[in-house]
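Undergrad: Got a structure for you, coords_3.txt, holding compact mmCIF, C-alpha atoms (C1' of nucleotides).
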```
# COMPACT_ATOMS: atom_id res chain seq x y z
CA MET B 19 -31.13 10.27 13.78
CA SER B 20 -29.94 9.98 17.35
CA GLU B 21 -26.80 11.68 18.53
CA LEU B 22 -25.23 8.26 19.05
CA LEU B 23 -25.40 7.23 15.44
CA ASP B 24 -24.45 10.68 14.38
CA THR B 25 -21.20 10.62 16.32
CA LYS B 26 -20.37 7.07 15.29
CA GLN B 27 -20.93 7.90 11.66
CA LYS B 28 -18.91 11.10 11.86
CA ILE B 29 -16.01 9.10 13.30
CA LEU B 30 -16.33 6.42 10.62
CA ASP B 31 -16.40 9.03 7.84
CA ALA B 32 -13.37 10.89 9.15
CA ALA B 33 -11.46 7.68 9.81
CA ARG B 34 -12.13 6.35 6.31
CA VAL B 35 -10.59 9.43 4.71
CA LEU B 36 -7.63 9.70 7.09
CA PHE B 37 -6.75 6.00 7.09
CA ALA B 38 -6.85 6.01 3.29
CA ALA B 39 -4.60 9.06 3.13
CA HIS B 40 -2.06 8.26 5.86
CA GLY B 41 -2.51 4.60 6.70
CA PHE B 42 -3.29 3.01 10.05
CA ASP B 43 -0.08 3.94 11.85
CA GLY B 44 0.06 7.34 10.19
CA THR B 45 -3.31 8.36 11.59
CA SER B 46 -3.82 9.20 15.27
CA VAL B 47 -7.04 8.90 17.19
CA ARG B 48 -6.75 12.61 17.90
CA ASP B 49 -6.56 13.40 14.16
CA ILE B 50 -9.73 11.43 13.62
CA ALA B 51 -11.56 13.07 16.51
CA ASN B 52 -10.53 16.54 15.37
CA THR B 53 -11.57 15.91 11.77
CA ALA B 54 -14.86 14.39 12.87
CA GLU B 55 -15.34 17.29 15.30
CA VAL B 56 -16.04 14.98 18.19
CA ASN B 57 -14.34 14.49 21.52
CA VAL B 58 -11.18 12.38 21.61
CA ALA B 59 -12.57 10.01 24.20
CA SER B 60 -15.67 9.26 22.14
CA VAL B 61 -13.61 7.30 19.63
CA ASN B 62 -12.63 4.64 22.11
CA TYR B 63 -16.03 4.85 23.75
CA HIS B 64 -17.78 3.89 20.50
CA PHE B 65 -15.17 1.59 18.96
CA HIS B 66 -13.26 0.26 21.97
CA SER B 67 -9.86 0.61 20.28
CA LYS B 68 -8.18 2.17 17.30
CA GLU B 69 -7.70 -1.23 15.69
CA LYS B 70 -11.37 -2.11 16.02
CA LEU B 71 -12.26 1.24 14.51
CA PHE B 72 -10.04 0.41 11.54
CA PHE B 73 -11.77 -2.91 11.00
CA SER B 74 -15.13 -1.17 11.30
CA VAL B 75 -14.06 1.24 8.58
CA ILE B 76 -13.11 -1.66 6.31
CA ASP B 77 -16.38 -3.46 7.01
CA ASP B 78 -18.27 -0.25 6.35
CA CYS B 79 -16.48 0.30 3.03
CA TYR B 80 -16.96 -3.29 2.00
CA ALA B 81 -20.67 -3.45 2.75
CA GLN B 82 -21.30 -0.19 0.96
CA SER B 83 -19.25 -1.00 -2.12
CA GLU B 84 -20.62 -4.51 -2.45
CA ALA B 85 -24.19 -3.21 -2.52
CA GLU B 86 -23.41 -0.37 -4.90
CA ILE B 87 -21.43 -2.51 -7.31
CA GLU B 88 -24.17 -5.13 -7.41
CA LEU B 89 -26.51 -2.29 -8.37
CA LEU B 90 -24.07 -1.26 -11.10
CA ALA B 91 -23.81 -4.82 -12.35
CA SER B 92 -27.55 -5.04 -12.85
CA LYS B 93 -27.39 -2.08 -15.24
CA TYR B 94 -24.77 -3.45 -17.63
CA VAL B 95 -24.76 -6.62 -19.65
CA LYS B 96 -21.63 -6.05 -21.73
CA LEU B 97 -18.41 -7.00 -19.97
CA GLU B 98 -16.65 -3.97 -21.44
CA GLU B 99 -19.20 -1.51 -20.09
CA LEU B 100 -19.40 -3.23 -16.71
CA SER B 101 -15.61 -3.14 -16.37
CA VAL B 102 -15.51 0.57 -17.12
CA ALA B 103 -18.38 1.20 -14.71
CA ILE B 104 -16.56 -0.61 -11.90
CA PHE B 105 -13.37 1.26 -12.74
CA ARG B 106 -15.20 4.59 -12.54
CA TYR B 107 -16.75 3.53 -9.25
CA PHE B 108 -13.30 2.76 -7.84
CA ILE B 109 -12.00 6.14 -9.00
CA LEU B 110 -14.93 8.02 -7.46
CA ASN B 111 -14.60 6.03 -4.22
CA GLU B 112 -10.87 5.98 -3.91
CA ASP B 113 -10.89 5.86 -0.09
CA LEU B 114 -12.47 2.45 -0.36
CA VAL B 115 -9.86 0.99 -2.67
CA LEU B 116 -6.96 2.60 -0.86
CA ASN B 117 -8.14 1.41 2.54
CA HIS B 118 -8.63 -2.12 1.32
CA PHE B 119 -5.26 -2.13 -0.30
CA LYS B 120 -3.38 -0.56 2.59
CA MET B 121 -4.97 -3.05 4.90
CA LEU B 122 -3.85 -5.88 2.67
CA THR B 123 -0.27 -4.62 2.59
CA SER B 124 -0.13 -3.98 6.32
CA THR B 125 1.11 -6.45 8.91
CA HIS B 126 -1.20 -9.45 9.20
CA GLY B 127 -3.56 -7.68 6.83
CA ASP B 128 -3.86 -10.90 4.85
CA LEU B 129 -5.73 -12.50 7.74
CA TYR B 130 -8.41 -9.87 7.68
CA PHE B 131 -8.35 -9.69 3.91
CA SER B 132 -9.14 -13.41 3.75
CA LYS B 133 -12.34 -12.76 5.63
CA LEU B 134 -13.24 -9.90 3.31
CA VAL B 135 -12.68 -11.60 0.01
CA GLY B 136 -14.42 -14.71 1.27
CA VAL B 137 -11.84 -17.23 0.20
CA ASP B 138 -13.94 -20.12 1.43
CA LYS B 139 -16.88 -19.04 -0.63
CA HIS B 140 -14.61 -17.97 -3.52
CA SER B 141 -16.72 -14.87 -3.79
CA GLY B 142 -13.82 -12.46 -4.16
CA PRO B 143 -13.70 -8.71 -3.61
CA PRO B 144 -16.57 -6.34 -4.57
CA GLY B 145 -17.31 -6.48 -8.27
CA HIS B 146 -15.50 -9.75 -8.76
CA GLN B 147 -18.61 -11.91 -9.03
CA ALA B 148 -20.31 -9.44 -11.34
CA ILE B 149 -17.38 -9.70 -13.75
CA VAL B 150 -17.50 -13.50 -13.58
CA ARG B 151 -21.17 -13.48 -14.57
CA ALA B 152 -20.59 -11.02 -17.40
CA ILE B 153 -17.80 -13.14 -18.86
CA GLN B 154 -19.90 -16.30 -18.70
CA LYS B 155 -22.76 -14.54 -20.44
CA GLU B 156 -20.60 -13.02 -23.15
CA VAL B 157 -18.53 -16.04 -24.10
CA ALA B 158 -20.99 -18.58 -25.39
CA GLY B 159 -18.69 -21.61 -25.55
CA ASN B 160 -17.56 -23.80 -22.70
CA LEU B 161 -15.24 -22.01 -20.35
CA SER B 162 -13.07 -24.05 -18.03
CA GLN B 163 -12.57 -22.87 -14.47
CA GLU B 164 -9.05 -21.94 -15.49
CA ASP B 165 -10.19 -19.84 -18.45
CA LEU B 166 -12.69 -18.04 -16.30
CA HIS B 167 -10.24 -17.46 -13.46
CA TRP B 168 -7.59 -16.14 -15.80
CA ALA B 169 -9.95 -13.68 -17.42
CA VAL B 170 -11.54 -12.35 -14.27
CA THR B 171 -8.33 -11.95 -12.25
CA THR B 172 -6.60 -10.28 -15.17
CA ILE B 173 -9.40 -7.78 -15.69
CA TYR B 174 -9.98 -7.20 -12.00
CA SER B 175 -6.27 -6.78 -11.27
CA HIS B 176 -6.03 -4.22 -14.02
CA ILE B 177 -8.99 -2.26 -12.71
CA GLY B 178 -7.71 -2.35 -9.12
CA HIS B 179 -4.14 -1.52 -9.95
CA THR B 180 -4.99 1.29 -12.34
CA SER B 181 -7.37 2.80 -9.76
CA ILE B 182 -4.62 2.88 -7.16
CA ILE B 183 -1.98 4.27 -9.51
CA ASN B 184 -4.43 6.93 -10.63
CA SER B 185 -5.50 7.92 -7.12
CA CYS B 186 -1.97 8.08 -5.75
CA PHE B 187 -0.02 9.27 -8.73
CA LEU B 188 -1.51 9.86 -12.15
CA LYS B 189 -4.17 12.32 -11.08
CA HIS B 190 -1.43 14.54 -9.68
CA ARG B 191 0.70 14.17 -12.80
CA PRO B 192 -1.39 15.13 -15.84
CA GLU B 193 1.83 15.55 -17.83
CA VAL B 194 2.34 11.77 -17.86
CA PRO B 195 1.32 10.52 -21.32
CA PHE B 196 -1.96 8.60 -21.52
CA SER B 197 -2.77 9.35 -17.87
CA LYS B 198 -6.13 11.05 -18.45
CA MET B 199 -9.24 9.19 -17.40
CA GLU B 200 -10.40 8.79 -21.01
CA ASP B 201 -7.07 7.16 -21.90
CA LEU B 202 -7.22 4.85 -18.88
CA GLU B 203 -10.73 3.83 -19.84
CA LYS B 204 -9.76 3.29 -23.45
CA PHE B 205 -6.87 1.08 -22.35
CA LEU B 206 -9.15 -0.93 -20.07
CA ARG B 207 -11.65 -1.47 -22.90
CA ARG B 208 -8.82 -2.61 -25.14
CA LEU B 209 -7.65 -5.16 -22.58
CA VAL B 210 -11.17 -6.50 -22.05
CA ASN B 211 -11.62 -6.99 -25.78
CA ALA B 212 -8.22 -8.64 -26.18
CA ILE B 213 -9.19 -11.09 -23.44
CA LEU B 214 -12.60 -11.78 -24.98
CA ILE B 215 -11.00 -12.48 -28.35
CA GLU B 216 -8.55 -14.87 -26.71
CA LEU B 217 -11.35 -16.69 -24.88
CA LYS B 218 -13.52 -16.98 -27.97
CA SER B 219 -10.62 -18.27 -30.06
CA LYS B 220 -10.37 -21.20 -27.66
CA ALA B 221 -14.07 -21.93 -27.42
CA MET Z 12 35.14 -2.71 4.41
CA SER Z 13 35.27 0.00 7.03
CA GLU Z 14 33.08 -0.07 10.10
CA LEU Z 15 31.26 3.00 8.76
CA LEU Z 16 29.98 1.34 5.63
CA ASP Z 17 29.27 -1.78 7.56
CA THR Z 18 26.96 -0.01 10.01
CA LYS Z 19 25.29 2.04 7.28
CA GLN Z 20 24.61 -1.07 5.23
CA LYS Z 21 23.32 -3.02 8.24
CA ILE Z 22 20.87 -0.19 8.91
CA LEU Z 23 19.79 -0.03 5.27
CA ASP Z 24 19.23 -3.79 5.15
CA ALA Z 25 17.20 -3.87 8.35
CA ALA Z 26 15.21 -0.81 7.36
CA ARG Z 27 14.34 -2.23 3.95
CA VAL Z 28 12.81 -5.34 5.50
CA LEU Z 29 11.00 -3.54 8.32
CA PHE Z 30 9.64 -0.69 6.21
CA ALA Z 31 8.35 -3.22 3.68
CA ALA Z 32 6.68 -5.28 6.40
CA HIS Z 33 5.22 -2.53 8.60
CA GLY Z 34 5.37 0.65 6.58
CA PHE Z 35 7.08 3.94 7.45
CA ASP Z 36 4.90 4.88 10.41
CA GLY Z 37 4.69 1.30 11.63
CA THR Z 38 8.44 1.00 11.96
CA SER Z 39 10.39 2.75 14.73
CA VAL Z 40 14.02 3.75 14.57
CA ARG Z 41 14.56 1.55 17.60
CA ASP Z 42 13.16 -1.47 15.77
CA ILE Z 43 15.57 -0.82 12.95
CA ALA Z 44 18.55 -0.36 15.27
CA ASN Z 45 17.71 -3.52 17.20
CA THR Z 46 17.28 -5.60 14.05
CA ALA Z 47 20.49 -4.21 12.56
CA GLU Z 48 22.22 -4.79 15.89
CA VAL Z 49 23.58 -1.26 16.00
CA ASN Z 50 23.14 1.54 18.49
CA VAL Z 51 19.97 3.60 18.28
CA ALA Z 52 21.82 6.88 17.90
CA SER Z 53 23.81 5.61 14.93
CA VAL Z 54 20.72 5.68 12.72
CA ASN Z 55 20.32 9.42 12.96
CA TYR Z 56 24.07 9.86 12.93
CA HIS Z 57 24.35 8.17 9.53
CA PHE Z 58 21.04 9.20 7.96
CA HIS Z 59 20.16 12.44 9.78
CA SER Z 60 16.46 11.55 10.14
CA LYS Z 61 14.07 8.65 9.83
CA GLU Z 62 12.52 10.17 6.71
CA LYS Z 63 15.89 10.53 4.99
CA LEU Z 64 16.67 6.92 5.89
CA PHE Z 65 13.41 5.90 4.21
CA PHE Z 66 14.32 7.74 1.03
CA SER Z 67 17.79 6.18 1.16
CA VAL Z 68 16.19 2.76 1.35
CA ILE Z 69 14.07 3.51 -1.71
CA ASP Z 70 17.07 4.84 -3.62
CA ASP Z 71 19.03 1.76 -2.62
CA CYS Z 72 16.26 -0.58 -3.77
CA TYR Z 73 15.84 1.30 -7.02
CA ALA Z 74 19.50 1.38 -7.95
CA GLN Z 75 19.90 -2.30 -7.18
CA SER Z 76 16.80 -3.48 -9.00
CA GLU Z 77 17.42 -1.30 -12.03
CA ALA Z 78 20.86 -2.80 -12.49
CA GLU Z 79 19.73 -6.37 -11.89
CA ILE Z 80 16.72 -6.13 -14.18
CA GLU Z 81 18.82 -4.65 -16.96
CA LEU Z 82 21.05 -7.70 -16.56
CA LEU Z 83 17.98 -9.94 -16.78
CA ALA Z 84 16.76 -8.11 -19.86
CA SER Z 85 19.99 -8.82 -21.70
CA LYS Z 86 19.43 -12.56 -21.25
CA TYR Z 87 15.95 -12.75 -22.77
CA VAL Z 88 14.75 -11.75 -26.19
CA LYS Z 89 11.20 -13.11 -26.07
CA LEU Z 90 8.73 -10.79 -24.37
CA GLU Z 91 7.02 -13.75 -22.70
CA GLU Z 92 10.22 -15.02 -21.10
CA LEU Z 93 11.37 -11.55 -20.09
CA SER Z 94 8.02 -10.85 -18.45
CA VAL Z 95 8.19 -14.05 -16.44
CA ALA Z 96 11.79 -13.33 -15.47
CA ILE Z 97 10.86 -9.87 -14.18
CA PHE Z 98 7.90 -11.34 -12.33
CA ARG Z 99 10.15 -13.92 -10.67
CA TYR Z 100 12.61 -11.19 -9.76
CA PHE Z 101 9.83 -9.20 -8.10
CA ILE Z 102 8.70 -12.27 -6.15
CA LEU Z 103 12.23 -13.04 -4.98
CA ASN Z 104 12.81 -9.39 -4.03
CA GLU Z 105 9.47 -8.61 -2.51
CA ASP Z 106 10.85 -6.01 -0.08
CA LEU Z 107 11.75 -3.91 -3.06
CA VAL Z 108 8.32 -3.99 -4.67
CA LEU Z 109 6.49 -3.57 -1.37
CA ASN Z 110 8.61 -0.60 -0.34
CA HIS Z 111 8.10 1.14 -3.65
CA PHE Z 112 4.40 0.52 -3.49
CA LYS Z 113 3.96 1.55 0.12
CA MET Z 114 5.91 4.68 -0.57
CA LEU Z 115 3.65 5.43 -3.52
CA THR Z 116 0.51 4.96 -1.46
CA SER Z 117 1.83 6.99 1.48
CA THR Z 118 1.24 10.69 1.97
CA HIS Z 119 3.07 12.78 -0.62
CA GLY Z 120 4.64 9.58 -1.87
CA ASP Z 121 3.74 10.58 -5.40
CA LEU Z 122 6.26 13.43 -5.24
CA TYR Z 123 9.08 11.06 -4.54
CA PHE Z 124 7.67 8.44 -6.88
CA SER Z 125 7.80 10.95 -9.72
CA LYS Z 126 11.51 11.24 -9.23
CA LEU Z 127 11.91 7.47 -9.19
CA VAL Z 128 9.95 6.64 -12.29
CA GLY Z 129 11.56 9.55 -14.11
CA VAL Z 130 8.45 11.06 -15.58
CA ASP Z 131 10.46 13.67 -17.44
CA LYS Z 132 12.58 11.06 -19.10
CA HIS Z 133 9.59 8.71 -19.53
CA SER Z 134 11.86 5.93 -18.38
CA GLY Z 135 9.39 4.33 -15.99
CA PRO Z 136 10.04 1.97 -13.10
CA PRO Z 137 12.68 -0.80 -13.19
CA GLY Z 138 12.03 -3.27 -15.98
CA HIS Z 139 9.69 -0.93 -17.83
CA GLN Z 140 12.15 0.04 -20.54
CA ALA Z 141 13.24 -3.56 -21.04
CA ILE Z 142 9.64 -4.54 -21.73
CA VAL Z 143 9.25 -1.65 -24.18
CA ARG Z 144 12.27 -2.85 -26.13
CA ALA Z 145 11.08 -6.46 -26.14
CA ILE Z 146 7.67 -5.46 -27.51
CA GLN Z 147 9.20 -3.35 -30.25
CA LYS Z 148 11.47 -6.21 -31.25
CA GLU Z 149 8.71 -8.82 -31.23
CA VAL Z 150 6.03 -6.93 -33.14
CA ALA Z 151 7.46 -6.28 -36.54
CA GLY Z 152 4.88 -3.81 -37.85
CA ASN Z 153 4.53 -0.15 -37.01
CA LEU Z 154 3.49 0.43 -33.42
CA SER Z 155 2.05 3.78 -32.45
CA GLN Z 156 3.04 5.35 -29.17
CA GLU Z 157 -0.43 4.48 -27.93
CA ASP Z 158 -0.15 0.81 -28.92
CA LEU Z 159 3.20 0.55 -27.21
CA HIS Z 160 2.05 2.37 -24.08
CA TRP Z 161 -1.04 0.23 -23.78
CA ALA Z 162 0.90 -3.00 -24.06
CA VAL Z 163 3.69 -2.11 -21.68
CA THR Z 164 1.52 -0.59 -18.95
CA THR Z 165 -0.88 -3.51 -19.12
CA ILE Z 166 1.88 -6.09 -18.82
CA TYR Z 167 3.83 -4.16 -16.22
CA SER Z 168 0.74 -3.45 -14.12
CA HIS Z 169 -0.13 -7.12 -14.14
CA ILE Z 170 3.38 -8.11 -13.05
CA GLY Z 171 3.48 -5.49 -10.30
CA HIS Z 172 0.00 -6.13 -9.00
CA THR Z 173 0.34 -9.90 -9.01
CA SER Z 174 3.68 -9.64 -7.18
CA ILE Z 175 2.10 -7.58 -4.42
CA ILE Z 176 -0.97 -9.77 -4.08
CA ASN Z 177 1.24 -12.83 -3.95
CA SER Z 178 3.65 -11.38 -1.38
CA CYS Z 179 0.93 -10.09 0.91
CA PHE Z 180 -1.77 -12.66 0.45
CA LEU Z 181 -1.57 -15.58 -1.96
CA LYS Z 182 1.64 -17.06 -0.60
CA HIS Z 183 -0.05 -17.37 2.80
CA ARG Z 184 -3.21 -18.88 1.27
CA PRO Z 185 -2.24 -21.88 -0.84
CA GLU Z 186 -5.86 -23.03 -0.70
CA VAL Z 187 -6.90 -20.20 -3.03
CA PRO Z 188 -7.40 -21.71 -6.50
CA PHE Z 189 -4.71 -20.92 -9.09
CA SER Z 190 -2.54 -19.19 -6.50
CA LYS Z 191 0.58 -21.29 -6.97
CA MET Z 192 3.56 -19.67 -8.64
CA GLU Z 193 3.26 -21.94 -11.68
CA ASP Z 194 -0.35 -20.85 -12.14
CA LEU Z 195 0.53 -17.18 -11.75
CA GLU Z 196 3.29 -17.56 -14.33
CA LYS Z 197 0.99 -19.42 -16.70
CA PHE Z 198 -1.58 -16.65 -16.40
CA LEU Z 199 1.05 -14.00 -17.07
CA ARG Z 200 2.24 -15.84 -20.18
CA ARG Z 201 -1.33 -16.07 -21.40
CA LEU Z 202 -1.86 -12.33 -20.98
CA VAL Z 203 1.39 -11.50 -22.77
CA ASN Z 204 0.38 -13.67 -25.72
CA ALA Z 205 -3.13 -12.23 -25.85
CA ILE Z 206 -1.59 -8.77 -26.03
CA LEU Z 207 0.87 -9.76 -28.73
CA ILE Z 208 -1.93 -11.26 -30.83
CA GLU Z 209 -3.93 -8.06 -30.46
CA LEU Z 210 -0.94 -5.91 -31.47
CA LYS Z 211 -0.10 -8.09 -34.47
CA SER Z 212 -3.71 -8.11 -35.63
CA LYS Z 213 -3.53 -4.31 -35.92
CA ALA Z 214 -0.14 -4.16 -37.61
C1' DG O 26 31.95 6.65 15.22
C1' DT O 27 29.77 4.77 19.13
C1' DC O 28 27.67 4.93 23.39
C1' DT O 29 24.36 6.47 27.49
C1' DA O 30 21.11 9.48 28.96
C1' DT O 31 17.58 12.38 28.18
C1' DA O 32 14.82 15.98 26.10
C1' DA O 33 10.41 17.06 24.02
C1' DA O 34 6.56 15.59 21.74
C1' DT O 35 2.93 12.46 20.84
C1' DA O 36 0.66 8.13 21.07
C1' DG O 37 -3.48 5.01 22.81
C1' DA O 38 -6.33 4.35 26.43
C1' DT O 39 -9.04 5.38 30.65
C1' DA O 40 -10.89 7.44 35.10
C1' DG O 41 -14.27 10.16 36.84
C1' DA O 42 -17.22 14.42 36.83
C1' DC O 43 -21.32 15.91 34.53
C1' DG H 6 -23.01 9.79 25.85
C1' DT H 7 -19.81 13.51 26.38
C1' DC H 8 -16.31 15.98 28.49
C1' DT H 9 -11.58 17.22 30.90
C1' DA H 10 -7.62 15.59 32.73
C1' DT H 11 -4.24 12.37 33.05
C1' DC H 12 -1.65 7.92 33.07
C1' DT H 13 1.66 5.15 30.82
C1' DA H 14 4.28 4.05 27.05
C1' DT H 15 6.62 5.15 23.02
C1' DT H 16 8.30 8.11 19.63
C1' DT H 17 12.16 11.00 17.11
C1' DA H 18 16.00 13.41 17.89
C1' DT H 19 20.06 15.16 20.24
C1' DA H 20 23.64 16.42 23.80
C1' DG H 21 27.76 15.10 25.60
C1' DA H 22 31.11 11.58 27.49
C1' DC H 23 34.32 8.32 25.59
```
Let me see whether you can do it: turn the structure in this file into structure tokens.
TA:
Amino acid sequence: MSELLDTKQKILDAARVLFAAHGFDGTSVRDIANTAEVNVASVNYHFHSKEKLFFSVIDDCYAQSEAEIELLASKYVKLEELSVAIFRYFILNEDLVLNHFKMLTSTHGDLYFSKLVGVDKHSGPPGHQAIVRAIQKEVAGNLSQEDLHWAVTTIYSHIGHTSIINSCFLKHRPEVPFSKMEDLEKFLRRLVNAILIELKSKA
Amino acid sequence: MSELLDTKQKILDAARVLFAAHGFDGTSVRDIANTAEVNVASVNYHFHSKEKLFFSVIDDCYAQSEAEIELLASKYVKLEELSVAIFRYFILNEDLVLNHFKMLTSTHGDLYFSKLVGVDKHSGPPGHQAIVRAIQKEVAGNLSQEDLHWAVTTIYSHIGHTSIINSCFLKHRPEVPFSKMEDLEKFLRRLVNAILIELKSKA
DNA sequence: GTCTATAAATAGATAGAC
DNA sequence: GTCTATCTATTTATAGAC
């Protein structure tokens, strides 16, 4: 690997961690360069500006997670197991979720987020489509667009929200009741099954 | 009202909006002073530091929302209606939710968040206890601590997450399917009922 | 309590040597 | 492509007059 790619990747790796931990405005280019053990000037040389580096980080996270979650999806047929697998993936790759979420909640983040989630294609964030397919496979009867949308956004919201709460809070507070990973997973499974029962009762 | 309280409150009001929109690091004391139409130096005079102002904003939001949600809770007995009422409150007071959430996802935010949600007292964030009471009232049979915790965290997570997504994204993207408030409320009602059915089936 | 002025530190970005 | 040095702007915080 050339030195060019090496430096670029070191910057991307350091930036992903620091942006996730301290946000865009809370992270300086100097922090990133120091963590990446590269020269300060190389950041702007390779990424032109701090903002473009941030977007590169998001793109990097998105491309990586989309590929990895599609791989996950191919291994699970049951919605319950797929949901837990995606949840575990989010927990193990918390930088990814936190960066996406902090970008969304930052100024004008919704503009960039629109591009990411592919509103026009209705493809949604990473893992979204895999959950859609699993629901359609599991519930034999006719599902309206509304049924499907309700189920997938409810499950996906729960996975995303719980990942964030765990990464930022629960994992530092083991004394909170039902905050262990096994409890969080059990609760997710319970929600998935409650939703499946509701869908099947209508079909 | 004295000039002192007037200035303090003007600063708190401006800071709440700006911190929610741009985050702690993305907001300067000068921005706040300009928006509040007060002198720059008065911010540190009244709040000692930017960080202490931030915590004051959070305390302010918390105290206000806790009182107002308790008032809401006294007006609704049905869990479904209470949940929708809390959701609407969060939508109408988005600064509050966004500030709490950004604080949580900021560096060391979990320390302060612990204080807010009252881990020791297990009281949870604003509206949490009201939902607990509504569930207990609605489901006649014996509910274990686990049943109750699952139901309340699932409902509350959904309300919180949907509020954030709506404030930051959906309300700017009306073309996204099922993103209108009436759809979001319908989906919330459907989740609440699915959870109640699950709880009653076990009781 | 409010103001101006300023201290002291840090930010993003770039010029120019190598 | 990498480095040092630096420019310009902005930040938080405070000192001191009123």
Undergrad: The residues within 9 Å of (-0.4, -6.2, -13.7), using all atoms listed in the file and the coordinates of the file, should be reported as number ranges by chain; which are they?
TA: B: 172, 175-176, 179-180; Z: 164-174, 199
Undergrad: Atoms to include: C-alpha atoms. Write the selected residues as a short mmCIF file (atom, residue, chain, number, x, y, z; two decimals), in the coordinates of the input.
TA:
```cif
data_model
loop_
_atom_site.label_atom_id
_atom_site.label_comp_id
_atom_site.auth_asym_id
_atom_site.auth_seq_id
_atom_site.Cartn_x
_atom_site.Cartn_y
_atom_site.Cartn_z
CA THR B 172 -6.60 -10.28 -15.17
CA SER B 175 -6.27 -6.78 -11.27
CA HIS B 176 -6.03 -4.22 -14.02
CA HIS B 179 -4.14 -1.52 -9.95
CA THR B 180 -4.99 1.29 -12.34
CA THR Z 164 1.52 -0.59 -18.95
CA THR Z 165 -0.88 -3.51 -19.12
CA ILE Z 166 1.88 -6.09 -18.82
CA TYR Z 167 3.83 -4.16 -16.22
CA SER Z 168 0.74 -3.45 -14.12
CA HIS Z 169 -0.13 -7.12 -14.14
CA ILE Z 170 3.38 -8.11 -13.05
CA GLY Z 171 3.48 -5.49 -10.30
CA HIS Z 172 0.00 -6.13 -9.00
CA THR Z 173 0.34 -9.90 -9.01
CA SER Z 174 3.68 -9.64 -7.18
CA LEU Z 199 1.05 -14.00 -17.07
#
```
Undergrad: CA of Leu109 (chain Z) and CA of Phe196 (chain B) are how many Å apart?
TA: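 Rounded to one decimal, the two atoms are 25.0 Å apart.
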Undergrad: Between CA of Val95 (chain Z) and CA of Arg200 (chain Z), what is the distance in Å, rounded to a tenth?
TA: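 Interatomic distance, CA of Val95 (chain Z) to CA of Arg200 (chain Z): 7.3 Å.
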Undergrad: Kindly give the distance, in Å, that separates CA of Asn184 (chain B) and CA of Pro143 (chain B), rounded to a single decimal.
TA: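 So the answer is 19.5 Å.
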Undergrad: If I put a ball of radius 8 Å at (-12.2, 13.6, 17.0) in the file's coordinates, which residues poke into it when counting all atoms listed in the file, written as a list in words?
TA: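 Residues with an atom close enough to that point: Ile29, Val47, Arg48, Asp49, Ile50, Ala51, Asn52, Thr53, Ala54, Glu55, Val56, Asn57, Val58, Ser60 and Val61 of chain B.
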Undergrad: Tell me as a ChimeraX atom specification which residues belonging to chain Z come within 9 Å of chain H, counting all atoms listed in the file.
TA: /Z:39-40,52,55,60-61
Undergrad: Give the residues of chain Z that lie within 8 Å of chain B; count all atoms listed in the file, and format the answer as number ranges by chain.
TA: Z: 32-34, 36-37, 109, 113, 115-118, 120-121, 124, 130, 157, 160-161, 165, 168-169, 172-173, 175, 179-180, 183, 187, 189, 198, 202, 205-206, 209
Undergrad: Here is a test: counting all atoms listed in the file, which residue of Z:Lys148, Z:Asp17, Z:Glu91, Z:Leu82 is nearest to DG26 (chain O)?
TA: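 Smallest distance to DG26 (chain O) is found for Z:Asp17.
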